[in-house]
Every structure is written in C-alpha cells, then in structure tokens.
Amino acid sequence: MHVIPKKELSPELCGKAADCYAELYEKALPGAGGIEKFRLEIATFNCSETFEEFQKVGLGLETIVIFRDESGAGHTGKILMNLPGQLLLEHGHVDTLVLKKEAVIADGFVKLSALINGFNGIVKYNSDASMARDANGEPEYLYRASDYQIVQAKNGLDEYPQEKAADILESFPGKSETFKAIYGDGVLLADTAQVIYAPSGVNPDVVPAELLSMVEEVREEQAITTKRMIYMTKGMNVLLSKNTHHAFMGGLNGCVYLEFSTPSMDEADRFTDKRVIR
C-alpha cells in the first residue's frame, strides 16, 4: 500500500469543531451537563485541513466506554455527532485475527497494514475509554503489527481455514451496533441495516427531498458503494450487523445519535476510501 501522510489538525479547526459539537450536544442532551472539550474526539479521517473541508467530511464523538475482556468480548457506548450535511465516510467492522509472527497467511486473508493506512496494531484502552499511553505519550498496544500477523478476510466474511487454526493467537469479532437518533435527522446509507423501531408517522424508506439532493452530491464526491438510504430522525433505532458497510450524513440541523455496540476497535475499521487514516 502507498503510504499516505497523516495531516496535522490545526488548532483553528479543532477549536471551531469542538464549539459546534458542544452546541449540538447541549441541544440533544440538555440535562446531561454539557461536554468537556477534552472528551470530544474530532475525527477528520485524514480528509480535512480546514474547517470548511471538515464540515463536509468528519465526525465528533464522545466515547463513554470501551470494555473488552481477554476473550475480545465486551461492549462499547458512544455519542456520535454530525454537523449539517457532514458525512461519516463509508466503512465496515470486520473480524480481526492475530496470528503468530511466523505464520503463513491463508489465501483470502491480508495483513491490516496493507489494508488500513497508519495501522500499527491493536491498542489498549483505559477504563474511562481513553487510549492507554506510555510514559512518552505513545499508544500502548495489545498486539503490535510488527510483532504479529494481524489479518482480516479480504471480503470481510471468510472464516480462517481450520487446518491453520493453530496459528491464531486471538480473534476479535467485527463490531455490531445499534444507532438511536436523539436529535436532528440524517440519512444512513446501509444496504443490510435493520430498522428496529421508527416513531409513528415516520417512514424510514422515504428521505425528504432536501436531503436527497445532498446525498446525491455526496455520492458524486465520495467513495460510497451502498445503495439503500434510511431516513434517520429522532427516536429511530437501527441495527447494523458486523461487516455492514455504512455511511451517515447529517441533515439540515445536524444529527446526534447514540451507539450501543460490541467492543469497538476503531483502528481496524475498513473504509471504502483507501486514503482514510482513522
């Protein structure tokens, strides 16, 4: 894979983004006491150098918890925020395997360092959902890519051959997640998503005309393969199983939605746009 340099986030971009997300957060959760700016993650996906670019592609989030035990089981909770018209780029959550360093990788599987820009390994998390760091401020890893063969199926679905099972040291299932919209609206692009609940009078298969034109513009500009569009508005619950390719665009007033999921491993997410660095 061609190595793409990671763009430095300017203080101006981060400051403006944090202010906008804090305002959205307060509108969505007025009784939650606001949000401390240091808890906000500003995710540009390596696609933005200016705030104007970030308004088109990006995400703001507060990670409440990432719990992952030694078996890879656990849960995650997040609050996700999109500014008006802002796109969370298409991606999927795929089973990840850690193999012995000397293992010969089975056909149909590939190292994550060849799939994901900037992938250095599977990181550790603290109990407060922050990334564990060493004395020098560098991330701590459960498994470094330099010390193990960390792989995923090319198509996201194949199981590792049984005859090579002895090479597997750890298996991390791809994340399945439920989204619940709590403020504003938007469009979820996901072919195999399941609408669990829609408020009375809301048809999730009917996207308002003003959002349709925004989605079509985004399709022309970004790497999006999904065809189905789901209108997400306050109260909607949608389930995405692992390896469900999905993207999300905020509506005219932006959108705030909750994520309840199995353990999160953002560093191993597979984005359709190969330029992305998470």
# chains A, B, ... in the order shown; residues from 1 in each chain; ligands from 1
call {"tool": "residues_around", "arguments": {"residues": "Ile66 in chain A", "least_positions_apart": "4", "cutoff": "8 Å", "atoms": "only C-alpha atoms", "output": "count of residues only"}}
result
10
call {"tool": "select_by_dssp", "arguments": {"residues": "range 111-228 of chain A", "states": "helix (DSSP H, G or I)", "output": "ChimeraX atom specification"}}
result
/A:112-114,162-167,209-221
call {"tool": "closest_residue", "arguments": {"among": "A:Ala209, A:Pro30, A:Glu49, A:Gly118", "to": "Ser10 in chain A", "atoms": "only C-alpha atoms"}}
result
A:Glu49
call {"tool": "closest_residue", "arguments": {"among": "A:Ala135, A:Ala181, A:Val104, A:Ala43", "to": "Pro161 in chain A", "atoms": "only C-alpha atoms"}}
result
A:Val104
call {"tool": "closest_atom_pairs", "arguments": {"of": "range 24-107 of chain A", "to": "range 251-262 of chain A", "cutoff": "9 Å", "atoms": "only C-alpha atoms", "output": "Markdown table"}}
result
| residue | atom | partner | partner_atom | distance |
| --- | --- | --- | --- | --- |
| A:Leu24 | CA | A:Val256 | CA | 7.2 |
| A:Tyr25 | CA | A:Val256 | CA | 7.3 |
| A:Ala28 | CA | A:Val256 | CA | 6.6 |
| A:Ile66 | CA | A:Thr262 | CA | 8.8 |
| A:Phe67 | CA | A:Thr262 | CA | 8.7 |
| A:Arg68 | CA | A:Thr262 | CA | 8.7 |
| A:Ala73 | CA | A:Thr262 | CA | 7.3 |
| A:Gly74 | CA | A:Thr262 | CA | 5.9 |
| A:His75 | CA | A:Thr262 | CA | 4.2 |
| A:Thr76 | CA | A:Ser261 | CA | 5.1 |
| A:Gly77 | CA | A:Phe260 | CA | 4.9 |
| A:Lys78 | CA | A:Glu259 | CA | 5.0 |
| A:Ile79 | CA | A:Leu258 | CA | 4.7 |
| A:Leu80 | CA | A:Tyr257 | CA | 5.3 |
| A:Met81 | CA | A:Val256 | CA | 4.6 |
| A:Asn82 | CA | A:Cys255 | CA | 5.3 |
| A:Leu83 | CA | A:Gly254 | CA | 4.4 |
| A:Pro84 | CA | A:Gly254 | CA | 3.9 |
| A:Gly85 | CA | A:Gly251 | CA | 5.5 |
| A:Gln86 | CA | A:Gly254 | CA | 7.6 |
call {"tool": "closest_atom_pairs", "arguments": {"of": "range 66-119 of chain A", "to": "range 164-171 of chain A", "cutoff": "12 Å", "atoms": "only C-alpha atoms", "output": "CSV"}}
result
residue,atom,partner,partner_atom,distance
A:Asp69,CA,A:Glu170,CA,11.8
A:Glu70,CA,A:Glu170,CA,9.0
A:Ser71,CA,A:Glu170,CA,7.7
A:Gly72,CA,A:Ser171,CA,7.0
A:Ala73,CA,A:Ser171,CA,9.9
A:Val94,CA,A:Ser171,CA,10.9
A:Asp95,CA,A:Ser171,CA,7.3
A:Thr96,CA,A:Ser171,CA,6.0
A:Leu97,CA,A:Ser171,CA,4.6
A:Val98,CA,A:Glu170,CA,5.0
A:Leu99,CA,A:Ile168,CA,4.6
A:Lys100,CA,A:Asp167,CA,5.6
A:Lys101,CA,A:Asp167,CA,8.9
A:Glu102,CA,A:Asp167,CA,8.7
A:Ala103,CA,A:Asp167,CA,6.1
A:Val104,CA,A:Asp167,CA,8.6
A:Ile105,CA,A:Lys164,CA,8.9
A:Ala106,CA,A:Lys164,CA,7.7
A:Asp107,CA,A:Lys164,CA,11.0
call {"tool": "write_last_selection", "arguments": {"atoms": "C-alpha atoms", "output": "PDB file, in the first residue's frame"}}
result
ATOM      1  CA  ASP A  69     -12.009  -8.562  28.083  1.00  0.00           C
ATOM      2  CA  GLU A  70      -9.249 -11.047  27.293  1.00  0.00           C
ATOM      3  CA  SER A  71     -11.552 -13.064  25.030  1.00  0.00           C
ATOM      4  CA  GLY A  72     -12.422  -9.980  22.969  1.00  0.00           C
ATOM      5  CA  ALA A  73     -15.966  -9.831  24.385  1.00  0.00           C
ATOM      6  CA  VAL A  94     -14.687  -6.874  10.161  1.00  0.00           C
ATOM      7  CA  ASP A  95     -13.447  -9.871  12.185  1.00  0.00           C
ATOM      8  CA  THR A  96      -9.755  -9.398  13.009  1.00  0.00           C
ATOM      9  CA  LEU A  97      -7.328 -12.247  13.703  1.00  0.00           C
ATOM     10  CA  VAL A  98      -3.947 -12.116  15.425  1.00  0.00           C
ATOM     11  CA  LEU A  99      -1.598 -14.796  14.092  1.00  0.00           C
ATOM     12  CA  LYS A 100       1.858 -15.900  15.114  1.00  0.00           C
ATOM     13  CA  LYS A 101       4.587 -13.809  13.519  1.00  0.00           C
ATOM     14  CA  GLU A 102       5.940 -16.810  11.644  1.00  0.00           C
ATOM     15  CA  ALA A 103       2.508 -17.852  10.311  1.00  0.00           C
ATOM     16  CA  VAL A 104       1.948 -18.130   6.569  1.00  0.00           C
ATOM     17  CA  ILE A 105      -1.252 -16.160   5.949  1.00  0.00           C
ATOM     18  CA  ALA A 106      -4.057 -18.198   4.379  1.00  0.00           C
ATOM     19  CA  ASP A 107      -5.423 -17.356   0.951  1.00  0.00           C
TER      20      ASP A 107
END
call {"tool": "residues_around", "arguments": {"residues": "Leu115 in chain A", "least_positions_apart": "5", "cutoff": "10 Å", "atoms": "only C-alpha atoms", "output": "PDB file with N, CA and C atoms, in the first residue's frame"}}
result
ATOM      1  N   MET A   1       0.842  -1.201   0.000  1.00  0.00           N
ATOM      2  CA  MET A   1       0.000   0.000   0.000  1.00  0.00           C
ATOM      3  C   MET A   1       0.876   1.250   0.000  1.00  0.00           C
ATOM      4  N   VAL A 110      -5.508 -10.947   4.430  1.00  0.00           N
ATOM      5  CA  VAL A 110      -4.444  -9.984   4.173  1.00  0.00           C
ATOM      6  C   VAL A 110      -4.134  -9.214   5.448  1.00  0.00           C
ATOM      7  N   VAL A 151      -4.582  -9.843  10.701  1.00  0.00           N
ATOM      8  CA  VAL A 151      -5.195 -10.007   9.383  1.00  0.00           C
ATOM      9  C   VAL A 151      -6.720  -9.900   9.429  1.00  0.00           C
ATOM     10  N   GLN A 152      -7.289  -9.651   8.263  1.00  0.00           N
ATOM     11  CA  GLN A 152      -8.728  -9.730   8.045  1.00  0.00           C
ATOM     12  C   GLN A 152      -8.972 -10.428   6.707  1.00  0.00           C
ATOM     13  N   LYS A 154     -10.239 -10.681   3.032  1.00  0.00           N
ATOM     14  CA  LYS A 154     -10.339  -9.644   2.003  1.00  0.00           C
ATOM     15  C   LYS A 154     -11.783  -9.223   1.790  1.00  0.00           C
ATOM     16  N   ALA A 268      -9.091  -0.825  13.431  1.00  0.00           N
ATOM     17  CA  ALA A 268      -9.222  -1.918  12.467  1.00  0.00           C
ATOM     18  C   ALA A 268     -10.423  -1.749  11.544  1.00  0.00           C
ATOM     19  N   ASP A 269     -11.091  -0.579  11.590  1.00  0.00           N
ATOM     20  CA  ASP A 269     -12.233  -0.343  10.702  1.00  0.00           C
ATOM     21  C   ASP A 269     -11.765  -0.291   9.248  1.00  0.00           C
ATOM     22  N   ARG A 270     -12.580  -0.877   8.365  1.00  0.00           N
ATOM     23  CA  ARG A 270     -12.264  -0.910   6.933  1.00  0.00           C
ATOM     24  C   ARG A 270     -13.064   0.167   6.196  1.00  0.00           C
ATOM     25  N   PHE A 271     -12.390   1.205   5.725  1.00  0.00           N
ATOM     26  CA  PHE A 271     -13.033   2.281   4.987  1.00  0.00           C
ATOM     27  C   PHE A 271     -12.959   2.022   3.488  1.00  0.00           C
ATOM     28  N   LYS A 274      -9.619   4.460   0.473  1.00  0.00           N
ATOM     29  CA  LYS A 274      -8.330   3.956   0.955  1.00  0.00           C
ATOM     30  C   LYS A 274      -7.399   5.068   1.462  1.00  0.00           C
TER      31      LYS A 274
END
call {"tool": "select_by_dssp", "arguments": {"residues": "range 86-159 of chain A", "states": "strand (DSSP E)", "output": "number ranges by chain"}}
result
A: 87-92, 96-99, 109-111, 121-123, 141-144, 149-153
call {"tool": "atom_distance", "arguments": {"atom1": "CA of Glu36 in chain A", "atom2": "CA of Lys16 in chain A"}}
result
14.5 Å
call {"tool": "residues_around", "arguments": {"residues": "Lys56 in chain A", "least_positions_apart": "5", "cutoff": "12 Å", "atoms": "only C-alpha atoms", "output": "compact mmCIF listing (two decimals) with C-alpha atoms, in the first residue's frame"}}
result
# COMPACT_ATOMS: atom_id res chain seq x y z
CA ALA A 17 -15.33 21.89 15.57
CA THR A 44 -11.26 14.13 10.25
CA PHE A 45 -10.36 10.74 8.70
CA CYS A 47 -9.61 14.29 4.76
CA SER A 48 -9.60 17.82 6.18
CA GLU A 49 -7.09 20.59 6.70
CA THR A 50 -9.60 23.43 7.03
CA PHE A 51 -12.84 23.74 8.97
CA ASN A 82 -22.61 15.08 12.53
CA LEU A 83 -22.78 18.75 11.58
CA PRO A 84 -25.34 19.77 8.93
CA GLY A 85 -24.51 17.90 5.72
CA GLN A 86 -21.40 16.35 7.26
CA LEU A 87 -20.54 12.80 6.18
CA LEU A 88 -19.23 9.91 8.26
CA LEU A 89 -17.42 8.03 5.49
CA MET A 214 -27.50 16.45 -0.56
CA VAL A 215 -26.95 12.68 -0.66
CA GLU A 217 -23.98 15.35 -4.26
CA VAL A 218 -22.09 13.37 -1.64
CA GLU A 221 -17.74 13.36 -4.34
CA GLN A 222 -17.06 10.41 -2.01
CA PHE A 248 -24.05 8.59 7.60
CA MET A 249 -24.85 12.15 6.53
CA GLY A 250 -26.22 14.76 8.92
CA GLY A 251 -29.40 16.62 7.94
CA GLY A 254 -27.10 18.13 12.04
call {"tool": "closest_residue", "arguments": {"among": "A:Phe179, A:Phe109, A:Tyr143, A:Phe38", "to": "Ile122 in chain A", "atoms": "only C-alpha atoms"}}
result
A:Tyr143
call {"tool": "atom_distance", "arguments": {"atom1": "CA of Val207 in chain A", "atom2": "CA of Lys234 in chain A"}}
result
14.0 Å
